Amino acid sequence: MTTAEKSQLGRATRYCNQYDPTLLFPIPRSEKRDELGLRAGDLPFGGVDVWQAFEVSWLDAHGKPQARIVQFEVPADSPNLIESKSFKLYLNSFNGTRFDSEQAVKALWEQDLSQAAGARVGVAVQSVSEPQTLIGGPQGVCLDELPVAVEHYQVTPELLQADSENVVTETLFSHLLKSNCLVTGQPDWGSVVIAYTGPKIDRERLLQYIVSFREHNEFHEQCVERVFTDLKRHCQPQKLTVYARYVRRGGLDINPYRSDWQTDFDLRRWVRQ
């Protein structure tokens, strides 16, 4: 069984510049979902993990380098997530490899990543010179200026409370999300958005809960699913969407999106991305 501890994370690694799909390292999502009481085939959410890659290159048939920005979409119901360092190593393996066309490269990405994830992975390729409105930002109420005292830096779901007598529809967000890599302990910085309909969530306690991830070790996708599950259990919203936009590392940013009622969201990157 492939587990995070068996990946290349935290190990000295020789970079390969010749195409090698075996570099991809899938990790079963069940490894962490079991902790949350989530079962394949009966997930309380749908969604996708959106990966944005900014260090992507290969050689054309004449040896001339090509550069692109690429967006990969891994469905949340795929049996595996793809460990991020292995993803970077895999993309780097294209750097010194010749291909006849961009279409040939895209077809390999779709094939290899879908095989690793165990479900169809979408791929969208963008020119680096095409004018685009790339920078977006969260909509809703920012929690970050609330005057809260913080005592917990390990995940504390008991902080979450909601007023069952006051049902609202609102969107809240914070840029104070920080967690750490499950294996190396390196910091992962992000912003998180929570859109819901249900009992009004105590905003101060929600911010304290978000900050309580600060010393928590888990992958991006797992953190978002933990937030979703904790909110469902402790606040019981009728509708819930949780997504996070993480700061890129090694040319890749990961943006997990989980919802029990929405199917898409604004894919424009935010200011820290």
# chains A, B, ... in the order shown; residues from 1 in each chain; ligands from 1
$ select_by_dssp --residues "stretch 23-121 of chain A" --states "strand (DSSP E or B)" --output "NGL selection string"
:A and (26-28 or 46-59 or 65-75 or 80-82 or 98)
$ write_last_selection --atoms "C-alpha atoms" --output "compact mmCIF listing (two decimals), in the first residue's frame"
# COMPACT_ATOMS: atom_id res chain seq x y z
CA PRO A 26 -0.73 8.01 -5.49
CA ILE A 27 -1.93 7.88 -1.89
CA PRO A 28 -5.32 6.34 -1.01
CA GLY A 46 -18.72 16.40 -4.14
CA GLY A 47 -15.86 18.47 -5.41
CA VAL A 48 -12.48 18.65 -7.03
CA ASP A 49 -8.82 19.35 -6.28
CA VAL A 50 -7.63 22.06 -8.66
CA TRP A 51 -3.86 22.04 -9.20
CA GLN A 52 -2.30 25.03 -10.98
CA ALA A 53 1.18 24.43 -12.40
CA PHE A 54 3.39 27.37 -13.35
CA GLU A 55 6.72 25.59 -13.99
CA VAL A 56 5.79 23.47 -17.00
CA SER A 57 8.03 22.92 -20.01
CA TRP A 58 9.01 20.39 -22.66
CA LEU A 59 10.95 20.36 -25.96
CA PRO A 65 11.65 24.59 -25.18
CA GLN A 66 7.94 25.24 -24.72
CA ALA A 67 6.42 26.90 -21.63
CA ARG A 68 2.83 26.76 -20.43
CA ILE A 69 0.57 27.23 -17.42
CA VAL A 70 -1.53 24.15 -16.79
CA GLN A 71 -4.58 23.49 -14.65
CA PHE A 72 -5.32 19.94 -13.49
CA GLU A 73 -8.64 18.92 -11.92
CA VAL A 74 -8.66 15.75 -9.79
CA PRO A 75 -12.19 14.68 -8.76
CA ASN A 80 -6.33 8.40 -4.67
CA LEU A 81 -4.81 11.82 -4.23
CA ILE A 82 -1.42 12.46 -5.85
CA ARG A 98 10.92 15.98 -27.17
$ residues_around --residues "stretch 205-214 of chain A" --least-positions-apart "3" --cutoff "9 Å" --atoms "only C-alpha atoms" --output "tab-separated table (two decimals) with N, CA and C atoms, in the first residue's frame"
chain	number	residue	atom	x	y	z
A	143	LEU	N	-13.07	37.22	8.32
A	143	LEU	CA	-13.06	37.03	9.76
A	143	LEU	C	-11.79	37.57	10.44
A	144	ASP	N	-10.80	37.96	9.65
A	144	ASP	CA	-9.45	38.10	10.19
A	144	ASP	C	-9.25	39.24	11.17
A	146	LEU	N	-11.39	40.03	13.56
A	146	LEU	CA	-12.13	39.81	14.81
A	146	LEU	C	-11.15	39.75	15.98
A	148	VAL	N	-10.03	38.10	18.66
A	148	VAL	CA	-10.13	36.83	19.39
A	148	VAL	C	-8.83	36.52	20.11
A	149	ALA	N	-8.94	35.81	21.21
A	149	ALA	CA	-7.78	35.25	21.90
A	149	ALA	C	-7.61	33.81	21.42
A	150	VAL	N	-6.38	33.41	21.15
A	150	VAL	CA	-6.12	32.08	20.60
A	150	VAL	C	-5.33	31.26	21.61
A	151	GLU	N	-5.84	30.09	21.90
A	151	GLU	CA	-5.17	29.19	22.85
A	151	GLU	C	-4.85	27.84	22.24
A	152	HIS	N	-5.40	27.54	21.07
A	152	HIS	CA	-5.24	26.22	20.48
A	152	HIS	C	-4.56	26.32	19.12
A	153	TYR	N	-3.50	25.53	18.94
A	153	TYR	CA	-2.81	25.47	17.67
A	153	TYR	C	-2.77	24.04	17.13
A	154	GLN	N	-3.59	23.17	17.70
A	154	GLN	CA	-3.90	21.87	17.15
A	154	GLN	C	-5.41	21.83	16.96
A	155	VAL	N	-5.85	21.16	15.92
A	155	VAL	CA	-7.26	21.22	15.52
A	155	VAL	C	-8.18	20.93	16.70
A	156	THR	N	-9.11	21.86	16.94
A	156	THR	CA	-10.02	21.77	18.07
A	156	THR	C	-11.45	21.99	17.57
A	157	PRO	N	-12.11	20.94	17.07
A	157	PRO	CA	-13.46	21.11	16.52
A	157	PRO	C	-14.49	21.52	17.56
A	158	GLU	N	-14.20	21.27	18.84
A	158	GLU	CA	-15.13	21.65	19.89
A	158	GLU	C	-15.33	23.16	19.99
A	159	LEU	N	-14.45	23.93	19.35
A	159	LEU	CA	-14.61	25.37	19.33
A	159	LEU	C	-15.84	25.79	18.53
A	160	LEU	N	-16.26	24.99	17.59
A	160	LEU	CA	-17.33	25.37	16.68
A	160	LEU	C	-18.68	25.36	17.39
A	161	GLN	N	-19.43	26.43	17.19
A	161	GLN	CA	-20.78	26.54	17.74
A	161	GLN	C	-21.66	27.28	16.75
A	173	PHE	N	-14.82	34.03	5.18
A	173	PHE	CA	-13.50	33.57	4.73
A	173	PHE	C	-12.41	34.10	5.65
A	174	SER	N	-11.25	33.43	5.56
A	174	SER	CA	-10.08	33.84	6.35
A	174	SER	C	-8.82	33.54	5.57
A	176	LEU	N	-6.02	33.28	7.32
A	176	LEU	CA	-5.13	32.86	8.41
A	176	LEU	C	-4.98	31.35	8.51
A	177	LEU	N	-5.40	30.64	7.49
A	177	LEU	CA	-5.22	29.19	7.49
A	177	LEU	C	-3.75	28.84	7.29
A	178	LYS	N	-3.22	28.04	8.18
A	178	LYS	CA	-1.88	27.47	8.04
A	178	LYS	C	-1.91	26.07	8.60
A	179	SER	N	-1.39	25.14	7.84
A	179	SER	CA	-1.19	23.78	8.33
A	179	SER	C	0.21	23.37	7.91
A	180	ASN	N	0.58	22.14	8.19
A	180	ASN	CA	1.92	21.67	7.87
A	180	ASN	C	1.85	20.38	7.07
A	187	PRO	N	5.58	24.36	6.37
A	187	PRO	CA	4.32	25.11	6.47
A	187	PRO	C	3.60	25.21	5.13
A	192	VAL	N	-9.20	30.17	3.30
A	192	VAL	CA	-10.31	29.23	3.30
A	192	VAL	C	-11.63	29.99	3.24
A	201	ILE	N	-23.28	30.41	12.39
A	201	ILE	CA	-22.04	29.97	13.02
A	201	ILE	C	-21.42	31.13	13.78
A	202	ASP	N	-20.96	30.86	14.99
A	202	ASP	CA	-20.27	31.85	15.80
A	202	ASP	C	-18.96	32.20	15.10
A	217	ASN	N	-0.59	18.64	11.16
A	217	ASN	CA	0.10	18.03	10.03
A	217	ASN	C	-0.87	17.20	9.19
A	223	CYS	N	-7.09	18.54	4.99
A	223	CYS	CA	-7.50	19.64	5.87
A	223	CYS	C	-8.88	20.16	5.48
A	227	VAL	N	-12.30	20.21	7.77
A	227	VAL	CA	-13.11	21.39	8.06
A	227	VAL	C	-14.56	21.12	7.70
$ closest_residue --among "A:Leu231, A:Val247, A:Leu24, A:Leu89" --to "A:Ala162" --atoms "only C-alpha atoms"
A:Leu231
$ closest_residue --among "A:Gln273, A:Thr171, A:Gln238, A:Thr13" --to "A:Gly198" --atoms "only C-alpha atoms"
A:Gln238
$ atom_distance --atom1 "atom CA of A:Tyr196" --atom2 "atom CA of A:Lys239"
5.2 Å
$ select_by_dssp --residues "stretch 14-235 of chain A" --states "alpha helix (DSSP H)" --output "ChimeraX atom specification"
/A:30-36,84-92,102-117,203-211,220-235
$ decode --residues "stretch 16-56 of chain A" --atoms "N, CA and C atoms" --output "compact mmCIF listing (two decimals), in the first residue's frame"
# COMPACT_ATOMS: atom_id res chain seq x y z
N CYS A 16 14.86 14.14 -12.66
CA CYS A 16 14.93 13.48 -13.96
C CYS A 16 14.30 14.39 -15.00
N ASN A 17 14.97 14.58 -16.16
CA ASN A 17 14.40 15.44 -17.19
C ASN A 17 13.96 14.64 -18.42
N GLN A 18 13.78 13.34 -18.24
CA GLN A 18 13.24 12.49 -19.30
C GLN A 18 11.93 11.87 -18.82
N TYR A 19 10.94 11.94 -19.65
CA TYR A 19 9.58 11.54 -19.31
C TYR A 19 9.53 10.22 -18.54
N ASP A 20 8.90 10.25 -17.36
CA ASP A 20 8.84 9.06 -16.51
C ASP A 20 7.56 9.08 -15.68
N PRO A 21 6.51 8.38 -16.15
CA PRO A 21 5.24 8.37 -15.40
C PRO A 21 5.31 7.61 -14.09
N THR A 22 6.34 6.80 -13.90
CA THR A 22 6.44 6.04 -12.65
C THR A 22 6.80 6.93 -11.46
N LEU A 23 7.15 8.19 -11.73
CA LEU A 23 7.46 9.12 -10.64
C LEU A 23 6.22 9.49 -9.84
N LEU A 24 5.05 9.38 -10.43
CA LEU A 24 3.81 9.73 -9.73
C LEU A 24 3.56 8.78 -8.56
N PHE A 25 3.18 9.36 -7.42
CA PHE A 25 2.99 8.57 -6.21
C PHE A 25 1.57 8.79 -5.68
N PRO A 26 0.64 7.88 -6.01
CA PRO A 26 -0.73 8.01 -5.49
C PRO A 26 -0.81 7.56 -4.03
N ILE A 27 -1.69 8.23 -3.28
CA ILE A 27 -1.93 7.88 -1.89
C ILE A 27 -3.43 7.69 -1.71
N PRO A 28 -3.87 6.55 -1.19
CA PRO A 28 -5.32 6.34 -1.01
C PRO A 28 -5.94 7.42 -0.12
N ARG A 29 -7.04 7.98 -0.58
CA ARG A 29 -7.74 8.98 0.23
C ARG A 29 -8.30 8.33 1.50
N SER A 30 -8.57 7.05 1.44
CA SER A 30 -9.15 6.35 2.59
C SER A 30 -8.25 6.41 3.81
N GLU A 31 -6.94 6.66 3.59
CA GLU A 31 -5.98 6.70 4.71
C GLU A 31 -6.41 7.72 5.76
N LYS A 32 -6.92 8.87 5.33
CA LYS A 32 -7.36 9.90 6.26
C LYS A 32 -8.87 9.96 6.39
N ARG A 33 -9.60 9.57 5.34
CA ARG A 33 -11.05 9.63 5.42
C ARG A 33 -11.61 8.68 6.46
N ASP A 34 -10.91 7.59 6.70
CA ASP A 34 -11.36 6.66 7.75
C ASP A 34 -11.39 7.35 9.10
N GLU A 35 -10.42 8.25 9.35
CA GLU A 35 -10.39 8.99 10.62
C GLU A 35 -11.63 9.86 10.79
N LEU A 36 -12.16 10.35 9.67
CA LEU A 36 -13.30 11.26 9.71
C LEU A 36 -14.64 10.53 9.58
N GLY A 37 -14.58 9.22 9.47
CA GLY A 37 -15.81 8.45 9.32
C GLY A 37 -16.42 8.55 7.94
N LEU A 38 -15.59 8.87 6.93
CA LEU A 38 -16.07 9.00 5.56
C LEU A 38 -15.83 7.70 4.81
N ARG A 39 -16.80 7.30 4.01
CA ARG A 39 -16.73 6.05 3.28
C ARG A 39 -16.87 6.28 1.78
N ALA A 40 -16.04 5.60 1.00
CA ALA A 40 -16.13 5.70 -0.46
C ALA A 40 -17.52 5.27 -0.91
N GLY A 41 -18.08 5.99 -1.86
CA GLY A 41 -19.41 5.68 -2.34
C GLY A 41 -20.52 6.32 -1.54
N ASP A 42 -20.18 6.89 -0.38
CA ASP A 42 -21.19 7.54 0.47
C ASP A 42 -20.61 8.83 1.05
N LEU A 43 -19.91 9.58 0.22
CA LEU A 43 -19.30 10.82 0.68
C LEU A 43 -20.38 11.89 0.86
N PRO A 44 -20.23 12.75 1.88
CA PRO A 44 -21.23 13.80 2.11
C PRO A 44 -21.01 15.03 1.24
N PHE A 45 -20.07 14.96 0.31
CA PHE A 45 -19.74 16.10 -0.54
C PHE A 45 -19.32 15.62 -1.92
N GLY A 46 -19.38 16.55 -2.87
CA GLY A 46 -18.72 16.40 -4.14
C GLY A 46 -17.60 17.41 -4.20
N GLY A 47 -16.90 17.45 -5.31
CA GLY A 47 -15.86 18.47 -5.41
C GLY A 47 -14.69 18.05 -6.28
N VAL A 48 -13.63 18.83 -6.16
CA VAL A 48 -12.48 18.65 -7.03
C VAL A 48 -11.26 19.26 -6.35
N ASP A 49 -10.09 18.73 -6.67
CA ASP A 49 -8.82 19.35 -6.28
C ASP A 49 -8.25 20.01 -7.53
N VAL A 50 -8.15 21.32 -7.51
CA VAL A 50 -7.63 22.06 -8.66
C VAL A 50 -6.15 22.36 -8.42
N TRP A 51 -5.30 21.79 -9.26
CA TRP A 51 -3.86 22.04 -9.20
C TRP A 51 -3.51 23.03 -10.31
N GLN A 52 -2.77 24.08 -9.98
CA GLN A 52 -2.30 25.03 -10.98
C GLN A 52 -0.78 24.95 -11.04
N ALA A 53 -0.26 24.64 -12.22
CA ALA A 53 1.18 24.43 -12.40
C ALA A 53 1.76 25.55 -13.25
N PHE A 54 2.80 26.21 -12.70
CA PHE A 54 3.39 27.37 -13.35
C PHE A 54 4.82 27.10 -13.85
N GLU A 55 5.37 25.94 -13.53
CA GLU A 55 6.72 25.59 -13.99
C GLU A 55 6.59 24.36 -14.88
N VAL A 56 6.07 24.57 -16.08
CA VAL A 56 5.79 23.47 -17.00
C VAL A 56 6.52 23.73 -18.31
